[in-house]
file upload.csv (CSV, C-alpha atoms)
chain,number,residue,atom,x,y,z
A,15,MET,CA,5.0,-4.9,-52.7
A,16,THR,CA,7.7,-4.8,-50.2
A,17,GLN,CA,9.3,-8.2,-49.4
A,18,TYR,CA,10.3,-8.9,-45.8
A,19,ASN,CA,12.6,-11.6,-44.9
A,20,LYS,CA,12.1,-13.7,-41.8
A,21,SER,CA,14.6,-11.9,-39.5
A,22,GLU,CA,13.1,-8.5,-40.4
A,23,ILE,CA,9.6,-9.7,-39.3
A,24,GLU,CA,11.1,-11.1,-36.1
A,25,ASN,CA,12.8,-7.8,-35.5
A,26,LYS,CA,9.5,-6.0,-35.9
A,27,LYS,CA,7.7,-8.3,-33.6
A,28,SER,CA,10.2,-7.8,-30.8
A,29,LYS,CA,9.8,-4.1,-31.2
A,30,ILE,CA,6.1,-4.1,-30.5
A,31,GLY,CA,6.8,-6.4,-27.6
A,32,SER,CA,3.8,-8.1,-26.0
A,33,GLU,CA,1.4,-7.0,-28.7
A,34,GLU,CA,-0.1,-9.6,-31.0
A,35,GLY,CA,-2.8,-8.9,-33.5
A,36,ALA,CA,-5.1,-6.3,-32.1
A,37,VAL,CA,-4.6,-7.2,-28.5
A,38,ILE,CA,-2.7,-4.8,-26.3
A,39,LYS,CA,-1.6,-6.2,-23.0
A,40,HIS,CA,-1.2,-4.2,-19.9
A,41,ASP,CA,2.4,-3.1,-19.4
A,42,LEU,CA,3.1,-0.4,-16.9
A,43,LYS,CA,6.3,0.5,-18.8
A,44,ASN,CA,4.2,2.0,-21.6
A,45,ALA,CA,2.2,4.1,-19.3
A,46,ALA,CA,2.4,7.9,-19.4
A,47,ALA,CA,4.2,9.3,-16.4
A,48,THR,CA,1.2,11.2,-15.2
A,49,GLY,CA,3.3,12.4,-12.2
A,50,ASP,CA,4.5,15.1,-14.6
A,51,TRP,CA,1.1,16.8,-14.5
A,52,ARG,CA,1.4,17.7,-10.9
A,53,TYR,CA,1.7,21.4,-10.0
A,54,MET,CA,0.6,20.9,-6.4
A,55,THR,CA,2.2,18.1,-4.3
A,56,PRO,CA,0.4,16.4,-1.4
A,57,ILE,CA,2.6,16.2,1.7
A,58,VAL,CA,1.6,13.9,4.5
A,59,ASP,CA,2.3,14.8,8.1
A,60,LYS,CA,2.8,11.4,9.5
A,61,GLU,CA,2.5,12.6,13.1
A,62,LYS,CA,-1.0,13.8,12.4
A,63,CYS,CA,-2.2,10.9,10.2
A,64,THR,CA,-4.3,8.5,12.2
A,65,GLY,CA,-4.1,5.7,9.6
A,66,CYS,CA,-7.9,5.7,9.0
A,67,THR,CA,-7.5,4.9,5.2
A,68,THR,CA,-10.3,7.3,4.2
A,69,CYS,CA,-8.2,8.9,1.5
A,70,MET,CA,-6.9,5.6,0.0
A,71,PRO,CA,-9.9,4.5,-2.1
A,72,PHE,CA,-10.8,8.0,-3.3
A,73,CYS,CA,-7.4,8.6,-5.0
A,74,PRO,CA,-8.1,8.4,-8.7
A,75,GLU,CA,-4.5,7.2,-9.4
A,76,ALA,CA,-4.5,4.7,-6.5
A,77,SER,CA,-1.2,6.4,-5.4
A,78,ILE,CA,-1.9,6.0,-1.6
A,79,ILE,CA,-0.3,3.1,0.2
A,80,MET,CA,-0.5,2.4,3.9
A,81,LYS,CA,3.1,1.9,5.3
A,82,ALA,CA,4.5,1.1,8.7
A,83,TYR,CA,5.8,4.2,10.4
A,84,LYS,CA,7.9,4.6,13.6
A,85,SER,CA,7.2,7.8,15.5
A,86,GLU,CA,9.8,9.4,17.6
A,87,SER,CA,7.4,11.3,19.7
A,88,THR,CA,5.0,9.5,22.0
A,89,ALA,CA,2.2,11.9,21.2
A,90,CYS,CA,1.8,10.2,17.8
A,91,LEU,CA,-1.3,8.1,18.0
A,92,PRO,CA,-2.4,5.4,17.5
A,93,ALA,CA,0.9,3.6,17.9
A,94,GLY,CA,1.8,0.8,15.5
A,95,ARG,CA,-0.8,1.7,12.9
A,96,ASP,CA,0.1,1.9,9.2
A,97,LYS,CA,0.3,5.5,8.0
A,98,CYS,CA,-0.6,7.1,4.7
A,99,ASP,CA,2.2,7.2,2.2
A,100,ILE,CA,2.1,8.7,-1.3
A,101,ASP,CA,3.7,7.2,-4.4
A,102,TYR,CA,4.5,10.2,-6.6
A,103,ASP,CA,5.1,8.3,-9.9
A,104,PHE,CA,1.5,8.7,-11.0
A,105,CYS,CA,0.1,11.3,-8.6
A,106,LYS,CA,-1.5,14.1,-10.6
A,107,GLY,CA,-1.7,16.4,-7.6
A,108,CYS,CA,-5.5,16.8,-7.7
A,109,GLY,CA,-5.8,17.3,-3.9
A,110,VAL,CA,-8.7,14.9,-3.3
A,111,CYS,CA,-6.7,13.2,-0.5
A,112,ALA,CA,-6.2,16.5,1.3
A,113,ALA,CA,-9.8,17.4,0.9
A,114,VAL,CA,-11.2,14.2,2.4
A,115,CYS,CA,-8.6,13.7,5.2
A,116,PRO,CA,-10.6,14.0,8.5
A,117,ALA,CA,-7.4,14.7,10.5
A,118,LYS,CA,-6.1,17.4,8.0
A,119,ALA,CA,-2.8,15.5,7.9
A,120,ILE,CA,-2.3,16.1,4.1
A,121,THR,CA,-1.4,19.6,2.8
A,122,MET,CA,-0.9,20.6,-0.8
A,123,LYS,CA,2.3,22.5,-1.6
A,124,LYS,CA,3.2,24.2,-4.8
A,125,ASN,CA,6.0,22.5,-6.7
B,30,MET,CA,0.9,2.4,-6.7
B,31,ASN,CA,-1.5,0.6,-4.4
B,32,LYS,CA,-1.4,-3.1,-5.4
B,33,GLU,CA,-4.6,-4.1,-3.8
B,34,LEU,CA,-6.6,-1.3,-5.5
B,35,THR,CA,-5.0,-1.8,-9.0
B,36,LYS,CA,-5.8,-5.4,-9.4
B,37,ASN,CA,-8.1,-4.7,-12.4
B,38,PHE,CA,-7.6,-1.1,-13.3
B,39,ALA,CA,-4.1,0.3,-13.0
B,40,SER,CA,-2.6,3.8,-12.7
B,41,GLY,CA,-1.2,5.6,-15.7
B,42,HIS,CA,-4.5,6.4,-17.3
B,43,SER,CA,-5.0,9.9,-18.5
B,44,ALA,CA,-8.2,10.9,-16.8
B,45,CYS,CA,-8.3,14.5,-15.5
B,46,ALA,CA,-6.7,15.1,-12.1
B,47,GLY,CA,-9.5,14.7,-9.6
B,48,CYS,CA,-11.8,12.6,-11.8
B,49,ALA,CA,-14.3,10.3,-10.1
B,50,PHE,CA,-14.6,7.3,-12.3
B,51,PRO,CA,-11.3,5.5,-11.5
B,52,THR,CA,-12.7,5.1,-7.9
B,53,ILE,CA,-16.0,3.8,-9.2
B,54,VAL,CA,-14.3,1.3,-11.5
B,55,ARG,CA,-11.9,0.0,-8.8
B,56,THR,CA,-14.6,-0.2,-6.1
B,57,ILE,CA,-17.1,-2.1,-8.2
B,58,LEU,CA,-14.5,-4.6,-9.7
B,59,GLY,CA,-13.0,-5.1,-6.3
B,60,GLU,CA,-16.3,-6.7,-5.2
B,61,SER,CA,-16.3,-9.3,-8.0
B,62,PRO,CA,-15.7,-12.9,-6.6
B,63,ASP,CA,-14.6,-14.1,-10.1
B,64,PRO,CA,-12.5,-12.8,-12.9
B,65,VAL,CA,-14.2,-10.2,-15.0
B,66,VAL,CA,-14.6,-9.4,-18.7
B,67,ILE,CA,-15.2,-5.7,-19.5
B,68,SER,CA,-17.0,-4.1,-22.3
B,69,ASN,CA,-16.7,-0.4,-22.5
B,70,ALA,CA,-18.8,2.1,-24.4
B,71,THR,CA,-17.1,5.2,-26.0
B,72,GLY,CA,-16.5,7.9,-23.5
B,73,CYS,CA,-14.0,9.5,-21.1
B,74,LEU,CA,-13.3,6.1,-19.5
B,75,GLU,CA,-12.5,4.4,-22.8
B,76,VAL,CA,-10.4,7.3,-24.2
B,77,THR,CA,-8.3,7.8,-21.1
B,78,SER,CA,-7.7,4.2,-20.1
B,79,THR,CA,-6.5,3.0,-23.6
B,80,LEU,CA,-3.9,5.4,-24.8
B,81,TYR,CA,-1.9,3.5,-27.4
B,82,PRO,CA,0.4,1.7,-26.7
B,83,TYR,CA,-0.7,1.5,-23.1
B,84,SER,CA,-3.8,-0.1,-21.6
B,85,ALA,CA,-4.7,0.5,-17.9
B,86,TRP,CA,-6.9,-2.6,-17.9
B,87,LYS,CA,-5.5,-5.8,-16.4
B,88,THR,CA,-8.7,-7.6,-17.3
B,89,PRO,CA,-9.9,-8.7,-20.8
B,90,TYR,CA,-11.4,-5.5,-22.2
B,91,ILE,CA,-13.4,-4.8,-25.4
B,92,HIS,CA,-14.4,-1.6,-26.9
B,93,SER,CA,-16.2,-1.6,-30.2
B,94,ALA,CA,-18.5,1.4,-30.6
B,95,PHE,CA,-20.5,3.9,-28.8
B,96,GLU,CA,-23.9,2.3,-29.2
B,97,ASN,CA,-23.3,-1.4,-28.8
B,98,ALA,CA,-21.4,-2.0,-25.5
B,99,SER,CA,-24.3,-4.1,-24.2
B,100,ALA,CA,-24.6,-6.0,-27.5
B,101,THR,CA,-20.9,-6.8,-27.4
B,102,ILE,CA,-21.1,-8.2,-23.8
B,103,SER,CA,-24.2,-10.2,-24.8
B,104,GLY,CA,-22.2,-12.0,-27.4
B,105,VAL,CA,-19.3,-12.6,-25.0
B,106,GLU,CA,-21.6,-13.9,-22.3
B,107,ARG,CA,-23.5,-16.2,-24.7
B,108,ALA,CA,-20.2,-17.6,-26.1
B,109,HIS,CA,-18.9,-18.3,-22.6
B,110,LYS,CA,-22.2,-20.0,-21.7
B,111,ILE,CA,-21.9,-22.3,-24.7
B,112,LEU,CA,-18.3,-23.1,-24.1
B,113,SER,CA,-19.0,-24.0,-20.4
B,114,LYS,CA,-21.8,-26.2,-21.6
B,115,LYS,CA,-19.4,-28.1,-23.8
B,116,GLY,CA,-16.9,-28.3,-21.0
B,117,LYS,CA,-14.4,-26.0,-22.7
B,118,ALA,CA,-14.5,-23.2,-20.2
B,119,ALA,CA,-14.3,-24.2,-16.5
B,120,LYS,CA,-13.9,-20.8,-15.0
B,121,LYS,CA,-16.8,-18.7,-13.8
B,122,ILE,CA,-16.6,-15.2,-15.2
B,123,LYS,CA,-18.5,-12.0,-14.5
B,124,PHE,CA,-19.4,-9.7,-17.3
B,125,VAL,CA,-19.4,-6.0,-16.8
B,126,VAL,CA,-20.2,-3.0,-19.0
B,127,PHE,CA,-19.0,0.5,-18.2
B,128,GLY,CA,-20.7,3.4,-20.0
B,129,GLY,CA,-21.1,7.1,-19.4
B,130,ASP,CA,-24.5,8.7,-19.4
B,131,GLY,CA,-24.2,9.6,-23.1
B,132,SER,CA,-23.9,5.9,-24.1
B,133,THR,CA,-26.6,4.8,-21.6
B,134,TYR,CA,-29.3,7.4,-21.7
B,135,ASP,CA,-28.9,8.3,-25.4
B,136,ILE,CA,-26.8,6.5,-27.8
B,137,GLY,CA,-26.6,3.0,-26.4
B,138,LEU,CA,-30.2,2.8,-25.0
B,139,GLN,CA,-31.4,0.4,-27.6
B,140,SER,CA,-28.6,-2.1,-27.1
B,141,LEU,CA,-28.9,-1.9,-23.3
B,142,SER,CA,-32.7,-2.4,-23.6
B,143,GLY,CA,-32.2,-5.4,-25.8
B,144,ALA,CA,-29.6,-7.0,-23.5
B,145,LEU,CA,-31.8,-6.5,-20.5
B,146,GLU,CA,-34.8,-8.0,-22.2
B,147,ARG,CA,-32.9,-11.0,-23.4
B,148,GLY,CA,-31.7,-11.6,-19.8
B,149,HIS,CA,-28.0,-11.9,-20.2
B,150,ASP,CA,-26.0,-12.4,-17.0
B,151,PHE,CA,-24.2,-9.1,-16.8
B,152,LEU,CA,-23.8,-6.0,-14.8
B,153,TYR,CA,-24.2,-2.6,-16.5
B,154,VAL,CA,-22.6,0.3,-14.7
B,155,VAL,CA,-23.3,3.9,-15.8
B,156,TYR,CA,-21.0,6.6,-14.4
B,157,ASP,CA,-23.3,9.6,-14.7
B,158,ASN,CA,-21.6,13.0,-15.1
B,159,GLY,CA,-24.5,14.5,-16.9
B,160,GLY,CA,-23.2,15.3,-20.3
B,161,TYR,CA,-20.8,14.5,-23.1
B,162,MET,CA,-17.8,15.5,-21.1
B,163,ASN,CA,-15.2,13.9,-23.4
B,164,THR,CA,-16.0,16.1,-26.3
B,165,GLY,CA,-16.4,19.3,-24.3
B,166,ASN,CA,-19.6,19.3,-22.3
B,167,GLN,CA,-22.5,18.9,-24.7
B,168,ARG,CA,-25.9,18.3,-23.2
B,169,SER,CA,-27.2,14.7,-22.8
B,170,SER,CA,-30.6,13.5,-21.6
B,171,ALA,CA,-28.9,13.1,-18.2
B,172,THR,CA,-28.0,16.8,-17.9
B,173,PRO,CA,-30.1,18.3,-15.1
B,174,TYR,CA,-32.6,21.1,-15.8
B,175,GLY,CA,-30.9,24.6,-15.7
B,176,ALA,CA,-27.4,23.4,-16.2
B,177,ALA,CA,-25.2,25.4,-18.7
B,178,THR,CA,-23.5,23.3,-21.3
B,179,GLU,CA,-21.9,24.0,-24.6
B,180,THR,CA,-25.1,23.3,-26.5
B,181,THR,CA,-27.4,24.8,-23.9
B,182,PRO,CA,-25.5,28.0,-23.0
B,183,THR,CA,-26.7,30.7,-20.7
B,184,GLY,CA,-27.2,34.2,-21.9
B,185,LYS,CA,-29.7,36.9,-22.5
B,186,GLU,CA,-32.3,34.6,-23.9
B,187,SER,CA,-31.4,31.3,-22.4
B,188,PHE,CA,-30.7,29.9,-18.9
B,189,GLY,CA,-29.2,26.5,-19.7
B,190,LYS,CA,-31.0,23.2,-20.3
B,191,VAL,CA,-34.7,23.6,-20.6
B,192,GLU,CA,-35.7,19.9,-20.3
B,193,MET,CA,-35.8,17.6,-17.3
B,194,ARG,CA,-33.5,14.7,-16.8
B,195,LYS,CA,-34.6,11.3,-18.1
B,196,ASN,CA,-35.5,8.9,-15.4
B,197,MET,CA,-33.2,6.0,-16.4
B,198,MET,CA,-34.0,3.8,-13.3
B,199,GLU,CA,-37.7,3.7,-14.3
B,200,ILE,CA,-36.8,2.7,-17.8
B,201,VAL,CA,-34.5,0.0,-16.6
B,202,ASN,CA,-37.0,-1.2,-14.1
B,203,ALA,CA,-39.6,-1.5,-16.8
B,204,HIS,CA,-37.5,-4.5,-18.1
B,205,HIS,CA,-38.5,-6.4,-15.0
B,206,ILE,CA,-34.9,-7.0,-14.0
B,207,LYS,CA,-34.1,-8.4,-10.6
B,208,TYR,CA,-31.8,-5.7,-9.3
B,209,ALA,CA,-31.2,-2.0,-10.1
B,210,ALA,CA,-29.6,0.5,-7.9
B,211,GLN,CA,-28.6,4.1,-7.8
B,212,ALA,CA,-25.3,4.9,-5.9
B,213,ASN,CA,-22.9,7.7,-5.3
B,214,VAL,CA,-19.1,7.7,-5.5
B,215,ALA,CA,-18.9,9.6,-2.2
B,216,TYR,CA,-20.7,6.7,-0.4
B,217,LEU,CA,-18.2,3.9,-1.0
B,218,SER,CA,-19.5,1.4,1.5
B,219,ASP,CA,-23.0,1.8,0.0
B,220,LEU,CA,-21.5,1.4,-3.5
B,221,LYS,CA,-19.6,-1.7,-2.4
B,222,LYS,CA,-22.7,-3.3,-0.9
B,223,LYS,CA,-24.7,-2.7,-4.1
B,224,ALA,CA,-21.8,-4.0,-6.3
B,225,LYS,CA,-21.7,-7.1,-4.2
B,226,LYS,CA,-25.4,-7.7,-4.4
B,227,ALA,CA,-25.2,-7.1,-8.2
B,228,PHE,CA,-22.5,-9.7,-8.7
B,229,GLU,CA,-24.5,-12.2,-6.6
B,230,THR,CA,-27.7,-11.7,-8.7
B,231,ASP,CA,-28.2,-13.9,-11.7
B,232,GLY,CA,-29.3,-12.1,-14.9
B,233,PRO,CA,-29.0,-8.5,-15.9
B,234,VAL,CA,-28.2,-5.9,-13.2
B,235,PHE,CA,-28.0,-2.1,-13.5
B,236,LEU,CA,-26.0,0.3,-11.4
B,237,SER,CA,-26.2,4.1,-11.8
B,238,VAL,CA,-23.3,5.9,-10.1
B,239,PHE,CA,-23.0,9.6,-9.6
B,240,SER,CA,-19.7,10.8,-11.0
B,241,PRO,CA,-18.8,14.6,-10.7
B,242,CYS,CA,-16.7,16.0,-13.6
B,243,THR,CA,-14.2,18.6,-12.4
B,244,ASN,CA,-13.5,20.0,-15.9
B,245,ASN,CA,-17.0,20.7,-17.1
B,246,TRP,CA,-19.0,21.1,-14.0
B,247,LYS,CA,-16.3,23.7,-13.2
B,248,PHE,CA,-15.1,23.1,-9.7
B,249,PRO,CA,-11.6,22.6,-8.2
B,250,THR,CA,-10.0,19.2,-8.8
B,251,SER,CA,-9.9,18.4,-5.1
B,252,GLN,CA,-13.7,18.6,-4.6
B,253,TYR,CA,-15.4,15.6,-6.3
B,254,VAL,CA,-16.1,13.8,-3.0
B,255,ASN,CA,-17.5,16.8,-1.3
B,256,ILE,CA,-19.8,17.7,-4.2
B,257,ALA,CA,-21.0,14.1,-4.6
B,258,LYS,CA,-21.8,14.0,-1.0
B,259,LEU,CA,-23.8,17.3,-1.2
B,260,ALA,CA,-25.8,15.9,-4.1
B,261,THR,CA,-27.2,13.1,-1.9
B,262,GLU,CA,-27.6,15.4,1.1
B,263,THR,CA,-29.7,17.8,-0.8
B,264,ASN,CA,-31.9,14.9,-2.3
B,265,PHE,CA,-30.6,15.8,-5.8
B,266,TRP,CA,-29.2,12.3,-6.1
B,267,PRO,CA,-31.0,9.9,-3.7
B,268,LEU,CA,-29.5,6.5,-3.0
B,269,TYR,CA,-32.0,3.7,-3.6
B,270,GLU,CA,-32.3,0.3,-5.0
B,271,ILE,CA,-35.0,-1.7,-6.8
B,272,GLU,CA,-35.2,-5.3,-5.9
B,273,ASP,CA,-37.8,-7.4,-7.8
B,274,GLY,CA,-39.7,-4.2,-8.5
B,275,LYS,CA,-39.6,-3.1,-4.8
B,276,TYR,CA,-38.1,0.3,-4.1
B,277,LYS,CA,-35.9,0.8,-1.0
B,278,ILE,CA,-34.3,4.1,-0.1
B,279,ASN,CA,-30.8,3.5,1.4
B,280,TRP,CA,-30.0,6.9,2.7
B,281,ALA,CA,-32.4,9.6,4.0
B,282,THR,CA,-32.3,12.5,6.3
B,283,GLU,CA,-35.1,14.4,8.2
B,284,LYS,CA,-33.6,17.7,7.2
B,285,PRO,CA,-32.2,17.7,3.7
B,286,LYS,CA,-29.8,20.5,2.9
B,287,GLU,CA,-30.9,23.4,0.7
B,288,LEU,CA,-30.3,22.7,-3.0
B,289,GLU,CA,-28.3,25.9,-3.4
B,290,GLU,CA,-25.5,24.4,-1.3
B,291,PHE,CA,-25.0,21.8,-4.0
B,292,LEU,CA,-25.5,24.2,-6.9
B,293,LYS,CA,-23.2,27.0,-5.7
B,294,THR,CA,-20.2,24.6,-5.7
B,295,GLN,CA,-20.2,24.4,-9.5
B,296,GLY,CA,-19.6,26.9,-12.3
B,297,ARG,CA,-22.3,25.3,-14.6
B,298,PHE,CA,-25.0,26.6,-12.2
B,299,LYS,CA,-23.4,30.0,-11.5
B,300,HIS,CA,-26.0,31.8,-13.6
B,301,LEU,CA,-28.9,30.6,-11.5
B,302,PHE,CA,-28.0,32.9,-8.7
B,303,SER,CA,-28.8,36.1,-10.7
B,304,GLU,CA,-32.0,37.9,-10.1
B,305,LYS,CA,-33.3,37.2,-13.6
B,306,ASN,CA,-32.9,33.4,-13.1
B,307,ALA,CA,-34.7,33.2,-9.7
B,308,PRO,CA,-37.7,31.4,-11.3
B,309,VAL,CA,-35.4,28.8,-12.8
B,310,LEU,CA,-33.9,28.1,-9.4
B,311,ALA,CA,-37.3,27.8,-7.9
B,312,GLU,CA,-38.4,25.4,-10.7
B,313,MET,CA,-35.3,23.3,-10.1
B,314,LYS,CA,-36.0,23.1,-6.4
B,315,LYS,CA,-39.5,22.0,-7.2
B,316,ILE,CA,-38.3,19.3,-9.6
B,317,VAL,CA,-35.9,17.9,-6.9
B,318,LYS,CA,-38.6,18.0,-4.3
B,319,ASP,CA,-41.2,16.3,-6.5
B,320,GLU,CA,-38.9,13.6,-7.6
B,321,TRP,CA,-38.0,12.8,-4.0
B,322,GLN,CA,-41.6,12.7,-3.1
B,323,SER,CA,-42.5,10.4,-6.0
B,324,LEU,CA,-39.6,8.1,-4.9
B,325,VAL,CA,-40.9,8.0,-1.3
B,326,ASN,CA,-44.4,7.2,-2.7
B,327,LYS,CA,-43.0,4.3,-4.6
B,328,THR,CA,-41.3,2.8,-1.6
B,329,GLU,CA,-44.6,2.9,0.3
B,330,GLU,CA,-46.6,1.1,-2.5
call {"tool": "encode", "arguments": {"input": "upload.csv", "output": "structure tokens"}}
result
Amino acid sequence: MTQYNKSEIENKKSKIGSEEGAVIKHDLKNAAATGDWRYMTPIVDKEKCTGCTTCMPFCPEASIIMKAYKSESTACLPAGRDKCDIDYDFCKGCGVCAAVCPAKAITMKKN
Amino acid sequence: MNKELTKNFASGHSACAGCAFPTIVRTILGESPDPVVISNATGCLEVTSTLYPYSAWKTPYIHSAFENASATISGVERAHKILSKKGKAAKKIKFVVFGGDGSTYDIGLQSLSGALERGHDFLYVVYDNGGYMNTGNQRSSATPYGAATETTPTGKESFGKVEMRKNMMEIVNAHHIKYAAQANVAYLSDLKKKAKKAFETDGPVFLSVFSPCTNNWKFPTSQYVNIAKLATETNFWPLYEIEDGKYKINWATEKPKELEEFLKTQGRFKHLFSEKNAPVLAEMKKIVKDEWQSLVNKTEE
């Protein structure tokens, strides 16, 4: 049987981090970077986006955030509304957002 | 990453691009007023959300086996009840089970039935994608008539699944539970309303949610919302709820769309449009029509 001294056990414990027994805690650092899967990238046209938030709950990765946007043209309506913004860290490029957008403000582009 | 949506279920899971169940999980858990404890049956959701050493779940989460997700949550719920009685657990907790149609209709039916009968205070959610999609599209008793799967292939002698779908809502309703509902991932406000009602109800509650599978139904990854919408618009997947045994339809139209519009979006029904399989298509339309009619009759009782 292999004998471990105390410091070795401590060392092992620190390696597995937050894990204790069979419980694995949520830690985003351990997540797979699913953004690597993407071969099509959604691009938001913020001038077209009406900020309706239709796309937000349908995104399987929850990658859509509503962000403040300042438009340079006056034609961009409605003013002062948060616009759709995509976080590409986990976006798998499925294209659901582009398919559900009622204003056709999201287009899919090949990487 | 959207912080509001990922309070319970984070990004970084490995579900296929364009999968429907992350939306279902987030929408339902978002309606819970209290912290939740999840028990999960084996299936796509379990496999993709718990890739070692990562867990996408920010809530307490248990997976034990395919057939006993409901039995597991029964034990947790009873333990919590006893602890609160002794004054050792002050918090109110909601108990939720997620299972696919394989673990609900087939493998876990006995444990679900037992938990419903014993009257534990929990919510059972089935995301119904009509087959064992995790292992490569084998037929389950939720697979619709005529669908091609790996175990019911289409060819010279066969046209896909020969049997009809199991009517799970009827089976669940036979346990005299207070609330059971059928929802669809494309109708999120309806799903939210049903989840809210489910969390407010004491005792066992059942939610059946339509969840298109991009990989094995064979459609482009971007289309799950549109296909789910068509399923309801063609009366293939009606939205209804059963409250204290009373049926209520939540969405209906005077002129339902033709069933073909839903079928032609998916590769698993491609063979139905050949001349040889015309009777199968006719039979399928008849099944959908009859089921809708029997549902309407139940609401009028």
call {"tool": "interface_residues", "arguments": {"input": "upload.csv", "of": "chain A", "to": "chain B", "cutoff": "10 Å", "atoms": "all atoms listed in the file", "output": "VMD selection string"}}
result
chain A and resid 30 33 37 to 49 51 to 52 70 to 80 100 to 114
call {"tool": "residues_around", "arguments": {"input": "upload.csv", "residues": "Ile57 of chain A", "least_positions_apart": "2", "cutoff": "8 Å", "atoms": "all atoms listed in the file", "output": "compact mmCIF listing (two decimals) with C-alpha atoms, in the coordinates of the input"}}
result
# COMPACT_ATOMS: atom_id res chain seq x y z
CA THR A 55 2.20 18.10 -4.30
CA ASP A 59 2.30 14.80 8.10
CA ILE A 120 -2.30 16.10 4.10
CA THR A 121 -1.40 19.60 2.80
CA MET A 122 -0.90 20.60 -0.80
CA LYS A 123 2.30 22.50 -1.60
call {"tool": "residues_around", "arguments": {"input": "upload.csv", "residues": "segment 303-306 of chain B", "least_positions_apart": "4", "cutoff": "12 Å", "atoms": "all atoms listed in the file", "output": "ChimeraX atom specification"}}
result
/B:175-176,183-189,293,298-299,310-313
call {"tool": "residues_around", "arguments": {"input": "upload.csv", "residues": "segment 100-105 of chain B", "least_positions_apart": "2", "cutoff": "9 Å", "atoms": "only C-alpha atoms", "output": "list in words"}}
result
Val66, Ile67, Ser68, Ile91, His92, Ser93, Glu96, Asn97, Ala98, Arg107, Ala108, His109, Lys110, Phe124, Val125, Val126, Ser140, Leu141, Gly143, Ala144, Arg147, His149, Asp150 and Phe151 of chain B
call {"tool": "atom_distance", "arguments": {"input": "upload.csv", "atom1": "atom CA of Phe291 of chain B", "atom2": "atom CA of Ala307 of chain B"}}
result
16.0 Å
call {"tool": "closest_residue", "arguments": {"input": "upload.csv", "among": "B:Ala260, B:Leu152, B:Leu220, B:Cys73", "to": "Asp130 of chain B", "atoms": "only C-alpha atoms"}}
result
B:Cys73
call {"tool": "atom_distance", "arguments": {"input": "upload.csv", "atom1": "atom CA of Thr172 of chain B", "atom2": "atom CA of Gly160 of chain B"}}
result
5.6 Å
call {"tool": "atom_distance", "arguments": {"input": "upload.csv", "atom1": "atom CA of Thr77 of chain B", "atom2": "atom CA of Asn163 of chain B"}}
result
9.5 Å
